[in-house]
Structures are given as C-alpha cells and as structure tokens.
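So this one's start33.pdb, PDB, C-alpha atoms:
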```pdb
ATOM      1  CA  THR A  11       6.593 -36.447   6.352
ATOM      2  CA  SER A  12       4.256 -33.798   4.958
ATOM      3  CA  TYR A  13       4.897 -30.094   5.392
ATOM      4  CA  THR A  14       2.109 -27.634   4.641
ATOM      5  CA  SER A  15       2.408 -23.940   3.753
ATOM      6  CA  CYS A  16       6.201 -23.977   3.869
ATOM      7  CA  SER A  17       8.440 -21.087   2.777
ATOM      8  CA  ALA A  18      11.866 -21.335   1.186
ATOM      9  CA  THR A  19      13.164 -17.791   1.429
ATOM     10  CA  GLY A  20      16.685 -16.792   0.524
ATOM     11  CA  GLN A  21      18.486 -14.235   2.680
ATOM     12  CA  TYR A  22      20.834 -11.568   1.391
ATOM     13  CA  GLY A  23      21.180 -13.344  -1.933
ATOM     14  CA  GLN A  24      22.681 -16.460  -0.318
ATOM     15  CA  GLY A  25      19.721 -18.821  -1.047
ATOM     16  CA  GLY A  26      19.380 -22.095   0.803
ATOM     17  CA  GLY A  27      15.753 -21.814   1.870
ATOM     18  CA  MET A  28      15.231 -25.517   2.737
ATOM     19  CA  TYR A  29      17.634 -28.353   3.455
ATOM     20  CA  LEU A  30      16.616 -32.032   3.338
ATOM     21  CA  TYR A  31      19.014 -34.597   4.757
ATOM     22  CA  GLU A  32      18.226 -38.267   4.071
ATOM     23  CA  SER A  33      14.546 -37.433   4.330
ATOM     24  CA  THR A  34      11.415 -38.223   2.335
ATOM     25  CA  ALA A  35       9.106 -35.249   2.326
ATOM     26  CA  THR A  36       5.945 -33.953   0.688
ATOM     27  CA  LEU A  37       5.967 -30.166   0.461
ATOM     28  CA  ILE A  38       2.449 -28.768   0.209
ATOM     29  CA  ASP A  39       1.683 -25.191  -0.913
ATOM     30  CA  LEU A  40       5.368 -24.278  -0.894
ATOM     31  CA  ALA A  41       6.327 -20.617  -1.330
ATOM     32  CA  ALA A  42       9.795 -19.690  -2.615
ATOM     33  CA  GLN A  43      11.123 -16.144  -2.847
ATOM     34  CA  ASP A  44      14.198 -14.216  -3.976
ATOM     35  CA  ASN A  45      16.355 -17.125  -5.134
ATOM     36  CA  HIS A  46      14.871 -18.761  -8.239
ATOM     37  CA  ASP A  47      18.220 -19.341  -9.902
ATOM     38  CA  SER A  48      21.592 -20.815  -9.135
ATOM     39  CA  LEU A  49      23.230 -17.510  -8.206
ATOM     40  CA  GLY A  50      21.816 -17.531  -4.702
ATOM     41  CA  GLY A  51      21.812 -21.252  -4.039
ATOM     42  CA  PRO A  52      18.896 -23.628  -4.348
ATOM     43  CA  ASP A  53      15.492 -23.084  -2.821
ATOM     44  CA  ILE A  54      15.550 -26.753  -1.836
ATOM     45  CA  HIS A  55      18.835 -28.529  -1.113
ATOM     46  CA  ASN A  56      18.403 -32.290  -1.190
ATOM     47  CA  ASP A  57      21.071 -34.367   0.540
ATOM     48  CA  GLY A  58      20.350 -38.081   0.138
ATOM     49  CA  GLY A  59      16.580 -37.827   0.378
ATOM     50  CA  SER A  60      13.589 -37.388  -1.908
ATOM     51  CA  PHE A  61      10.692 -35.017  -2.057
ATOM     52  CA  THR A  62       7.550 -34.139  -3.959
ATOM     53  CA  CYS A  63       5.760 -30.840  -4.192
ATOM     54  CA  ALA A  64       1.999 -30.595  -4.178
ATOM     55  CA  THR A  65      -0.888 -28.322  -3.383
ATOM     56  CA  SER A  66      -3.680 -28.677  -0.875
ATOM     57  CA  CYS A  67      -6.143 -28.947  -3.753
ATOM     58  CA  THR A  68      -8.517 -31.874  -3.521
ATOM     59  CA  VAL A  69      -9.677 -34.250  -6.278
ATOM     60  CA  GLY A  70     -11.398 -32.452  -9.155
ATOM     61  CA  GLN A  71      -9.152 -29.406  -8.651
ATOM     62  CA  TYR A  72      -5.738 -28.068  -9.553
ATOM     63  CA  GLY A  73      -3.443 -25.347  -8.247
ATOM     64  CA  ASP A  74      -2.556 -22.367 -10.401
ATOM     65  CA  CYS A  75       1.212 -22.748 -10.018
ATOM     66  CA  GLN A  76       3.288 -20.290 -12.024
ATOM     67  CA  ASP A  77       6.833 -20.752 -10.722
ATOM     68  CA  GLU A  78       9.295 -23.601 -10.415
ATOM     69  CA  ALA A  79      11.677 -23.739  -7.473
ATOM     70  CA  TYR A  80      15.396 -24.062  -8.053
ATOM     71  CA  THR A  81      16.568 -27.330  -6.515
ATOM     72  CA  SER A  82      19.896 -29.050  -6.063
ATOM     73  CA  ASP A  83      18.616 -32.165  -7.826
ATOM     74  CA  ALA A  84      17.306 -31.877 -11.395
ATOM     75  CA  LEU A  85      15.398 -35.121 -10.900
ATOM     76  CA  TYR A  86      12.859 -33.379  -8.704
ATOM     77  CA  LYS A  87      10.734 -30.576 -10.147
ATOM     78  CA  CYS A  88       8.865 -28.467  -7.692
ATOM     79  CA  TYR A  89       6.137 -25.992  -8.617
ATOM     80  CA  VAL A  90       5.727 -23.235  -6.064
ATOM     81  CA  ASN A  91       3.899 -20.007  -5.344
ATOM     82  CA  CYS A  92       0.586 -21.528  -6.328
ATOM     83  CA  GLY A  93      -2.581 -19.493  -6.294
ATOM     84  CA  GLY A  94      -5.898 -20.780  -5.032
ATOM     85  CA  CYS A  95      -7.391 -24.075  -6.132
ATOM     86  CA  HIS A  96      -9.514 -24.144  -9.277
ATOM     87  CA  ASP A  97     -12.117 -26.689 -10.336
ATOM     88  CA  CYS A  98     -11.332 -28.708 -13.440
ATOM     89  CA  PRO A  99     -13.727 -27.560 -16.190
ATOM     90  CA  ALA A 100     -16.718 -29.590 -17.350
ATOM     91  CA  GLY A 101     -15.634 -32.172 -19.897
ATOM     92  CA  THR A 102     -12.592 -33.112 -17.816
ATOM     93  CA  SER A 103     -11.878 -34.887 -14.535
ATOM     94  CA  ASN A 104      -9.089 -35.317 -12.001
ATOM     95  CA  ASP A 105      -8.948 -38.127  -9.440
ATOM     96  CA  GLU A 106      -5.723 -37.010  -7.774
ATOM     97  CA  VAL A 107      -5.120 -34.687  -4.830
ATOM     98  CA  GLY A 108      -2.413 -32.040  -4.779
ATOM     99  CA  SER A 109      -2.381 -31.240  -8.508
ATOM    100  CA  THR A 110      -0.183 -28.297  -9.442
ATOM    101  CA  THR A 111      -1.267 -27.531 -13.032
ATOM    102  CA  ASN A 112      -4.384 -27.778 -15.168
ATOM    103  CA  SER A 113      -2.726 -30.557 -17.155
ATOM    104  CA  SER A 114      -3.956 -32.826 -14.362
ATOM    105  CA  CYS A 115      -7.511 -32.264 -15.641
ATOM    106  CA  GLN A 116      -7.854 -35.135 -18.084
ATOM    107  CA  ALA A 117     -10.231 -34.853 -21.041
ATOM    108  CA  CYS A 118     -13.182 -37.230 -20.855
ATOM    109  CA  PRO A 119     -12.626 -40.037 -23.374
ATOM    110  CA  THR A 120     -14.967 -40.619 -26.291
ATOM    111  CA  GLY A 121     -18.415 -41.676 -25.096
ATOM    112  CA  PHE A 122     -17.937 -40.277 -21.589
ATOM    113  CA  ALA A 123     -18.861 -36.886 -20.141
ATOM    114  CA  SER A 124     -18.614 -34.689 -17.062
ATOM    115  CA  THR A 125     -21.495 -32.264 -16.896
ATOM    116  CA  SER A 126     -20.128 -29.878 -14.290
ATOM    117  CA  SER A 127     -16.809 -28.521 -13.106
ATOM    118  CA  GLY A 128     -14.810 -30.220 -10.386
ATOM    119  CA  ALA A 129     -15.489 -33.781 -11.535
ATOM    120  CA  THR A 130     -13.402 -36.605 -10.115
ATOM    121  CA  SER A 131     -14.356 -38.963 -12.952
ATOM    122  CA  CYS A 132     -16.207 -38.967 -16.258
ATOM    123  CA  THR A 133     -19.502 -40.808 -16.639
ATOM    124  CA  SER A 134     -20.245 -43.342 -19.352
ATOM    125  CA  CYS A 135     -23.126 -42.286 -21.588
ATOM    126  CA  GLU A 136     -25.849 -44.944 -21.392
ATOM    127  CA  ALA A 137     -27.646 -46.643 -24.253
ATOM    128  CA  GLY A 138     -30.188 -44.201 -25.712
ATOM    129  CA  ARG A 139     -27.805 -41.283 -25.166
ATOM    130  CA  PHE A 140     -24.727 -39.846 -26.853
ATOM    131  CA  ALA A 141     -21.741 -37.825 -25.684
ATOM    132  CA  THR A 142     -21.789 -34.225 -26.879
ATOM    133  CA  ASP A 143     -20.369 -30.797 -26.253
ATOM    134  CA  ASP A 144     -23.865 -29.418 -26.961
ATOM    135  CA  GLY A 145     -22.926 -28.581 -30.548
ATOM    136  CA  PRO A 146     -25.469 -29.005 -33.368
ATOM    137  CA  ASP A 147     -23.782 -31.930 -35.115
ATOM    138  CA  TYR A 148     -22.656 -35.443 -34.298
ATOM    139  CA  ILE A 149     -18.875 -35.491 -34.045
ATOM    140  CA  VAL A 150     -16.411 -37.714 -32.226
ATOM    141  CA  VAL A 151     -16.276 -35.748 -28.989
ATOM    142  CA  THR A 152     -13.694 -35.842 -26.248
ATOM    143  CA  LYS A 153     -14.188 -33.436 -23.342
ATOM    144  CA  ALA A 154     -17.947 -33.990 -23.675
ATOM    145  CA  THR A 155     -20.058 -31.960 -21.282
ATOM    146  CA  ASP A 156     -23.342 -33.831 -21.618
ATOM    147  CA  CYS A 157     -24.866 -37.238 -22.316
ATOM    148  CA  SER A 158     -27.823 -36.089 -24.396
ATOM    149  CA  ALA A 159     -30.894 -38.207 -25.071
ATOM    150  CA  CYS A 160     -31.250 -39.424 -28.642
ATOM    151  CA  PRO A 161     -33.930 -37.313 -30.380
ATOM    152  CA  ALA A 162     -37.340 -38.858 -30.988
ATOM    153  CA  GLY A 163     -37.176 -40.931 -34.160
ATOM    154  CA  SER A 164     -33.666 -42.179 -33.441
ATOM    155  CA  HIS A 165     -31.992 -44.676 -31.130
ATOM    156  CA  GLN A 166     -28.658 -45.909 -29.815
ATOM    157  CA  PRO A 167     -28.442 -49.492 -28.509
ATOM    158  CA  THR A 168     -24.922 -49.290 -27.040
ATOM    159  CA  ALA A 169     -23.296 -47.262 -24.282
ATOM    160  CA  THR A 170     -20.370 -44.812 -24.755
ATOM    161  CA  SER A 171     -21.624 -43.622 -28.140
ATOM    162  CA  VAL A 172     -21.234 -40.252 -29.836
ATOM    163  CA  TYR A 173     -24.169 -40.476 -32.239
ATOM    164  CA  CYS A 174     -27.732 -41.776 -32.641
ATOM    165  CA  ALA A 175     -29.108 -43.720 -35.604
ATOM    166  CA  PRO A 176     -32.504 -43.030 -37.203
ATOM    167  CA  CYS A 177     -35.208 -45.626 -36.756
ATOM    168  CA  ASP A 178     -35.653 -47.808 -39.824
ATOM    169  CA  ALA A 179     -38.769 -47.500 -41.963
ATOM    170  CA  GLY A 180     -41.543 -49.518 -40.345
ATOM    171  CA  LYS A 181     -40.304 -48.666 -36.860
ATOM    172  CA  SER A 182     -40.485 -45.721 -34.442
ATOM    173  CA  SER A 183     -39.270 -44.518 -31.067
ATOM    174  CA  ASN A 184     -42.849 -44.374 -29.744
ATOM    175  CA  GLY A 185     -42.739 -40.592 -29.646
ATOM    176  CA  THR A 186     -40.083 -40.425 -26.953
ATOM    177  CA  ALA A 187     -36.460 -39.309 -26.816
ATOM    178  CA  GLY A 188     -33.685 -41.451 -25.388
ATOM    179  CA  ALA A 189     -34.661 -44.734 -27.064
ATOM    180  CA  ALA A 190     -32.190 -47.600 -26.878
ATOM    181  CA  ALA A 191     -34.167 -49.452 -29.557
ATOM    182  CA  CYS A 192     -36.891 -48.652 -32.062
ATOM    183  CA  THR A 193     -40.252 -50.442 -31.918
ATOM    184  CA  THR A 194     -41.857 -52.245 -34.840
ATOM    185  CA  CYS A 195     -45.014 -50.539 -36.082
ATOM    186  CA  PRO A 196     -48.149 -52.641 -35.544
ATOM    187  CA  ALA A 197     -50.479 -53.709 -38.342
ATOM    188  CA  GLY A 198     -52.727 -50.873 -39.449
ATOM    189  CA  THR A 199     -49.910 -48.343 -39.233
ATOM    190  CA  ALA A 200     -46.761 -47.390 -41.160
ATOM    191  CA  SER A 201     -43.693 -45.177 -40.790
ATOM    192  CA  SER A 202     -40.834 -43.778 -42.845
ATOM    193  CA  THR A 203     -37.162 -43.687 -41.844
ATOM    194  CA  GLY A 204     -36.521 -41.581 -38.741
ATOM    195  CA  SER A 205     -40.137 -41.477 -37.595
ATOM    196  CA  ALA A 206     -40.945 -40.668 -33.987
ATOM    197  CA  THR A 207     -44.319 -42.437 -34.184
ATOM    198  CA  CYS A 208     -46.153 -44.948 -36.349
ATOM    199  CA  THR A 209     -48.942 -43.298 -38.328
ATOM    200  CA  PRO A 210     -52.339 -45.030 -38.608
ATOM    201  CA  CYS A 211     -53.340 -45.806 -42.149
ATOM    202  CA  ALA A 212     -55.649 -43.160 -43.598
ATOM    203  CA  PRO A 213     -59.310 -43.997 -44.349
ATOM    204  CA  GLY A 214     -59.465 -46.064 -47.517
ATOM    205  CA  TYR A 215     -56.067 -47.647 -46.849
ATOM    206  CA  HIS A 216     -54.975 -50.665 -44.830
ATOM    207  CA  GLN A 217     -51.877 -52.579 -43.783
ATOM    208  CA  PRO A 218     -52.195 -56.201 -42.620
ATOM    209  CA  ALA A 219     -48.503 -56.646 -41.721
ATOM    210  CA  GLN A 220     -46.317 -55.275 -38.940
ATOM    211  CA  GLY A 221     -43.247 -53.154 -39.650
ATOM    212  CA  SER A 222     -44.458 -51.558 -42.877
ATOM    213  CA  ASP A 223     -43.444 -48.279 -44.423
ATOM    214  CA  THR A 224     -46.606 -47.751 -46.507
ATOM    215  CA  CYS A 225     -50.325 -48.426 -46.385
ATOM    216  CA  ILE A 226     -52.205 -50.169 -49.205
ATOM    217  CA  PRO A 227     -55.308 -48.648 -50.857
ATOM    218  CA  CYS A 228     -58.477 -50.672 -50.645
ATOM    219  CA  ALA A 229     -59.441 -52.305 -53.935
ATOM    220  CA  ALA A 230     -62.497 -51.053 -55.809
ATOM    221  CA  GLY A 231     -65.636 -52.477 -54.191
ATOM    222  CA  TYR A 232     -64.083 -52.287 -50.726
ATOM    223  CA  PHE A 233     -63.716 -49.593 -48.065
ATOM    224  CA  THR A 234     -62.301 -48.948 -44.596
ATOM    225  CA  GLY A 235     -61.840 -46.331 -41.916
ATOM    226  CA  ALA A 236     -58.529 -45.171 -40.400
ATOM    227  CA  GLY A 237     -55.973 -47.567 -38.926
ATOM    228  CA  ALA A 238     -57.361 -50.642 -40.651
ATOM    229  CA  THR A 239     -55.649 -53.983 -41.046
ATOM    230  CA  GLU A 240     -58.093 -55.066 -43.787
ATOM    231  CA  CYS A 241     -60.757 -53.602 -46.054
ATOM    232  CA  GLN A 242     -64.451 -54.460 -45.913
ATOM    233  CA  PRO A 243     -66.597 -55.268 -48.986
ATOM    234  CA  CYS A 244     -69.328 -52.875 -50.008
ATOM    235  CA  SER A 245     -72.779 -54.346 -49.424
ATOM    236  CA  ALA A 246     -75.161 -55.062 -52.301
ATOM    237  CA  GLY A 247     -76.616 -51.856 -53.709
ATOM    238  CA  THR A 248     -73.460 -49.863 -52.945
ATOM    239  CA  VAL A 249     -70.150 -49.397 -54.786
ATOM    240  CA  SER A 250     -66.715 -47.866 -54.279
ATOM    241  CA  ALA A 251     -63.627 -46.864 -56.249
ATOM    242  CA  THR A 252     -60.041 -47.720 -55.283
ATOM    243  CA  GLY A 253     -58.988 -46.230 -51.921
ATOM    244  CA  ALA A 254     -62.510 -45.460 -50.734
ATOM    245  CA  ALA A 255     -63.311 -44.591 -47.147
ATOM    246  CA  ALA A 256     -67.012 -45.383 -47.671
ATOM    247  CA  CYS A 257     -69.343 -47.005 -50.194
ATOM    248  CA  THR A 258     -71.821 -45.028 -52.314
ATOM    249  CA  LEU A 259     -75.477 -46.004 -52.879
ATOM    250  CA  CYS A 260     -76.493 -46.877 -56.402
ATOM    251  CA  ASP A 261     -78.841 -44.410 -58.110
ATOM    252  CA  ALA A 262     -82.533 -45.241 -58.411
ATOM    253  CA  GLY A 263     -83.097 -47.870 -61.071
ATOM    254  CA  LYS A 264     -79.639 -49.360 -60.630
ATOM    255  CA  SER A 265     -78.237 -52.134 -58.469
ATOM    256  CA  SER A 266     -75.004 -53.940 -57.641
ATOM    257  CA  ALA A 267     -73.790 -57.120 -56.076
ATOM    258  CA  ALA A 268     -71.638 -57.033 -52.953
ATOM    259  CA  ALA A 269     -68.024 -55.826 -53.427
ATOM    260  CA  SER A 270     -68.837 -54.054 -56.706
ATOM    261  CA  ASP A 271     -67.173 -51.031 -58.193
ATOM    262  CA  ALA A 272     -70.084 -50.042 -60.476
ATOM    263  CA  CYS A 273     -73.878 -50.063 -60.475
ATOM    264  CA  ALA A 274     -75.857 -51.642 -63.330
ATOM    265  CA  MET A 275     -79.339 -50.860 -64.702
ATOM    266  CA  CYS A 276     -82.026 -53.024 -63.212
ATOM    267  CA  PRO A 277     -83.441 -55.574 -65.686
TER     268      PRO A 277
END
```

Target encoding structure tokens, full file:
Amino acid sequence: TSYTSCSATGQYGQGGGMYLYESTATLIDLAAQDNHDSLGGPDIHNDGGSFTCATSCTVGQYGDCQDEAYTSDALYKCYVNCGGCHDCPAGTSNDEVGSTTNSSCQACPTGFASTSSGATSCTSCEAGRFATDDGPDYIVVTKATDCSACPAGSHQPTATSVYCAPCDAGKSSNGTAGAAACTTCPAGTASSTGSATCTPCAPGYHQPAQGSDTCIPCAAGYFTGAGATECQPCSAGTVSATGAAACTLCDAGKSSAAASDACAMCP
C-alpha cells in the first residue's frame, strides 16, 4: 500500500506518530514533527511489517530531504520533511522515481553526457564527437555536459570517447568538424598533420601520388600551374628554372630545344 503526504506527529512528547502492523507500505512525502529521537517514541513503529520512504519526485529528479525519522527498526531508514523536487544537474541522470537525496543523481560515465538538467539517462557520444564539460582541454571526463564535435582537422572513429586525434599528414577532415575518419588527399594536393583541408600544390610544384604531405618542384625545363599532378615540358625556344610556374622565351639570337633550362646562341 502507498500512502502519500502522510504526517507522523507526536503529541505531548509521547511520540508514536505511525504504527504499522504486519503491513508492507510505501510512505511518500512523509512529514514528521516533534519526536525525532527516542525520548518521545518512534515516528514510525513497525510491528512485523516493512516499509520504504520515498518522495513524489519523478525520474530525473530528487527530493531535498534534510531529516531522518526515528523508527523502531534500525533496518529501515526513512528520510522525511522533504522540500520540493529538484532536477538532477546536467552531467548526471536518475532513472528512479521517489529519490530522497541528490546522491541518486548518478554521474555520467566516461564517454557519455547529459546536456540538460533532469535527465533520466546519459547519452553515448557518437563517433566524430567527444565527451566534455566544455573545458578547453581533453581530459577523462565523467559528468560530461556535452558531446562536442571533433574540431576540423581531427577525427574520432569510435563512440564513447573523450578526445579527438589529429588527421595524419596527407589526410584532412574535408574542412568540416565532427569527422569520424580523415580523408586521403588526392593527387595534386598535400597536407600536414592536423590539417582541415588538403592544399593544392602551388604553381611550379606537383604531386602525382595521393596522401602526400609535400609537393615536388618541377625540374628545370618544366613548368606547371596550381594543383598539378605532373609538370609539362617547356616548348622549343623557351626555358625554365627549377620550380617554375611558366617558361621564359629565349632572347633574340638564342634558341633552345624542348624541356631546356638554358638558351644557347644560334649557330
């Protein structure tokens, strides 16, 4: 049997507010006055039964209970005179009804978070995100209040993580946050460790392979524009130095073969 908003009030110092005889009872929002010690008799006298004390607080909440009733049976603790119900703070959860203290608000385990107060459960942080208390550093966080997206240039392939790893050189997160995996840079581009994007090779440089961290200068006698996978030879009558973006015409009275780095006097 459940009893709601009960009072166990002693009279004239004699105590004995509630008597249970071979009963099983749930006492909800119990108030006890005047007899919180053995001098006036117990607030609750249990004779062959059992009882629990609870509040009317729902899941995600707890009662602000300050007092403990004096009972005839030390086996049964009963918190009484509870204030209103309070939401469990963000970073915790409570899936039970009738909680009497804030100890019922359980800290979210590592890799889980509750983003708002009054949570009934904590949420697993997905791949591409990490559990955090919104602090500036990666730390092993319990009571996390957010599953934050991994910053651009980093990734996290597994769920329930508390950190993100930088993308390797030759890879990027494609300029977006929340990456579960980094993408290999295509030919004609390169990236350093922790890059958000792959950078096209500068004019005069090329990269024929995927997943590279540097671009290669064109050899003398060759040239190219930006983002090239290969260099082109200078045509006859033009020359270039190493890393050239364009070929230069030979001066009057001079000539060159294709793919040359210097002009020669005409015979």

**Study point:** Distance query region 60-66 of chain A at most 8 Å, only C-alpha atoms, self and fewer than 4 positions along chain excluded, as a list in words
**Key:** Glu32, Ser33, Thr34, Ala35, Thr36, Leu37, Ile38, Asp39, Leu40, Asn56, Tyr72, Gly73, Tyr86, Lys87, Cys88, Tyr89, Val90, Cys92, Cys95, Val107, Gly108, Ser109 and Thr110 of chain A

Exercise for review: Name the residues captured by the PyMOL selection byres ((chain A and resi 175-177) around 8) when it is applied to the shown file; answer as a PyMOL selection string.
Suggested key: chain A and resi 163-166+173-174+178-179+181-183+192+203-205

Check your understanding: Counting all atoms listed in the file, which of A:Lys153, A:His55, A:His96, A:Lys264 gets nearest to Gly121 (chain A)?
Key -> A:Lys153

Check what the PyMOL selection byres ((chain A and resi 138) around 6) selects in the file above and give those residues as a PDB file with C-alpha atoms, in the coordinates of the input.
```
ATOM      1  CA  ALA A 137     -27.646 -46.643 -24.253  1.00  0.00           C
ATOM      2  CA  ARG A 139     -27.805 -41.283 -25.166  1.00  0.00           C
ATOM      3  CA  CYS A 160     -31.250 -39.424 -28.642  1.00  0.00           C
ATOM      4  CA  HIS A 165     -31.992 -44.676 -31.130  1.00  0.00           C
ATOM      5  CA  GLN A 166     -28.658 -45.909 -29.815  1.00  0.00           C
ATOM      6  CA  GLY A 188     -33.685 -41.451 -25.388  1.00  0.00           C
ATOM      7  CA  ALA A 189     -34.661 -44.734 -27.064  1.00  0.00           C
ATOM      8  CA  ALA A 190     -32.190 -47.600 -26.878  1.00  0.00           C
TER       9      ALA A 190
END
```

Review point. Care to translate the PyMOL selection byres ((chain A and resi 239) around 10) into actual residues of this file, as number ranges by chain?
Key: A: 196-199, 210-211, 215-220, 225-226, 234-238, 240-241

Check your understanding: Taking into account all atoms listed in the file, which residue in the set A:Gly185, A:Gly70, A:Gly180, A:Gly58 is nearest to Thr224 (chain A)?
Key ->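 Looking at the shortest contact to Thr224 (chain A), the residue is A:Gly180.
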
Exercise for review: Quote the spacing between CA of Ala169 (chain A) and CA of Ala141 (chain A) in Å to one decimal place.
Suggested key: 9.7 Å

Point to revise | Interatomic distance, CA of Ser127 (chain A) to CA of Thr102 (chain A) (Å, one decimal) | key: 7.8 Å

Practice item. Using CA of Asp156 (chain A) and CA of Thr125 (chain A) as the two end points, give the distance in Å to one decimal. Key: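 So the answer is 5.3 Å.
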
Could you pull the residues within 7 Å of Gly101 (chain A), counting all atoms listed in the file, minus those fewer than 2 positions along the same chain, as a short mmCIF file (atom, residue, chain, number, x, y, z; two decimals) with C-alpha atoms, keeping the file's coordinate frame?
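Done, and the output landed in result-v1.cif:
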```
data_model
loop_
_atom_site.label_atom_id
_atom_site.label_comp_id
_atom_site.auth_asym_id
_atom_site.auth_seq_id
_atom_site.Cartn_x
_atom_site.Cartn_y
_atom_site.Cartn_z
CA PRO A 99 -13.73 -27.56 -16.19
CA ALA A 117 -10.23 -34.85 -21.04
CA CYS A 118 -13.18 -37.23 -20.86
CA ALA A 123 -18.86 -36.89 -20.14
CA SER A 124 -18.61 -34.69 -17.06
CA THR A 125 -21.50 -32.26 -16.90
CA LYS A 153 -14.19 -33.44 -23.34
CA ALA A 154 -17.95 -33.99 -23.68
CA THR A 155 -20.06 -31.96 -21.28
#
```

Review point. Which is closer to Ala268 (chain A) than all the others in A:Val249, A:Ala212, A:Ala79, A:Cys132, using all atoms listed in the file?
Key: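 Of all the options, A:Val249 lies closest to Ala268 (chain A).
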
Subset file as a PDB file, in the first residue's frame: region 244-251 of chain A, all heavy atoms:
```
ATOM      1  N   CYS A 244      58.827  22.627 -71.203  1.00  0.00           N
ATOM      2  CA  CYS A 244      58.846  23.884 -71.951  1.00  0.00           C
ATOM      3  C   CYS A 244      59.001  23.568 -73.443  1.00  0.00           C
ATOM      4  O   CYS A 244      59.726  22.643 -73.828  1.00  0.00           O
ATOM      5  CB  CYS A 244      60.010  24.758 -71.488  1.00  0.00           C
ATOM      6  SG  CYS A 244      59.843  25.380 -69.796  1.00  0.00           S
ATOM      7  N   SER A 245      58.335  24.324 -74.271  1.00  0.00           N
ATOM      8  CA  SER A 245      58.448  24.115 -75.720  1.00  0.00           C
ATOM      9  C   SER A 245      59.780  24.665 -76.214  1.00  0.00           C
ATOM     10  O   SER A 245      60.465  25.439 -75.526  1.00  0.00           O
ATOM     11  CB  SER A 245      57.290  24.806 -76.437  1.00  0.00           C
ATOM     12  OG  SER A 245      57.290  26.197 -76.153  1.00  0.00           O
ATOM     13  N   ALA A 246      60.176  24.265 -77.408  1.00  0.00           N
ATOM     14  CA  ALA A 246      61.416  24.761 -78.008  1.00  0.00           C
ATOM     15  C   ALA A 246      61.385  26.285 -78.078  1.00  0.00           C
ATOM     16  O   ALA A 246      60.349  26.885 -78.383  1.00  0.00           O
ATOM     17  CB  ALA A 246      61.590  24.158 -79.400  1.00  0.00           C
ATOM     18  N   GLY A 247      62.502  26.906 -77.758  1.00  0.00           N
ATOM     19  CA  GLY A 247      62.574  28.364 -77.772  1.00  0.00           C
ATOM     20  C   GLY A 247      62.208  28.993 -76.436  1.00  0.00           C
ATOM     21  O   GLY A 247      62.223  30.214 -76.290  1.00  0.00           O
ATOM     22  N   THR A 248      61.873  28.151 -75.452  1.00  0.00           N
ATOM     23  CA  THR A 248      61.589  28.641 -74.102  1.00  0.00           C
ATOM     24  C   THR A 248      62.354  27.789 -73.093  1.00  0.00           C
ATOM     25  O   THR A 248      62.725  26.643 -73.380  1.00  0.00           O
ATOM     26  CB  THR A 248      60.091  28.582 -73.770  1.00  0.00           C
ATOM     27  OG1 THR A 248      59.668  27.218 -73.743  1.00  0.00           O
ATOM     28  CG2 THR A 248      59.268  29.354 -74.797  1.00  0.00           C
ATOM     29  N   VAL A 249      62.582  28.365 -71.906  1.00  0.00           N
ATOM     30  CA  VAL A 249      63.327  27.666 -70.848  1.00  0.00           C
ATOM     31  C   VAL A 249      62.699  27.956 -69.487  1.00  0.00           C
ATOM     32  O   VAL A 249      61.891  28.884 -69.354  1.00  0.00           O
ATOM     33  CB  VAL A 249      64.811  28.092 -70.838  1.00  0.00           C
ATOM     34  CG1 VAL A 249      65.523  27.644 -72.107  1.00  0.00           C
ATOM     35  CG2 VAL A 249      64.928  29.613 -70.644  1.00  0.00           C
ATOM     36  N   SER A 250      63.093  27.160 -68.489  1.00  0.00           N
ATOM     37  CA  SER A 250      62.633  27.422 -67.125  1.00  0.00           C
ATOM     38  C   SER A 250      63.658  26.903 -66.126  1.00  0.00           C
ATOM     39  O   SER A 250      64.421  25.962 -66.413  1.00  0.00           O
ATOM     40  CB  SER A 250      61.287  26.754 -66.852  1.00  0.00           C
ATOM     41  OG  SER A 250      61.441  25.354 -66.784  1.00  0.00           O
ATOM     42  N   ALA A 251      63.649  27.520 -64.937  1.00  0.00           N
ATOM     43  CA  ALA A 251      64.458  27.034 -63.817  1.00  0.00           C
ATOM     44  C   ALA A 251      63.623  26.077 -62.983  1.00  0.00           C
ATOM     45  O   ALA A 251      62.433  25.859 -63.226  1.00  0.00           O
ATOM     46  CB  ALA A 251      64.927  28.213 -62.971  1.00  0.00           C
TER      47      ALA A 251
END
```
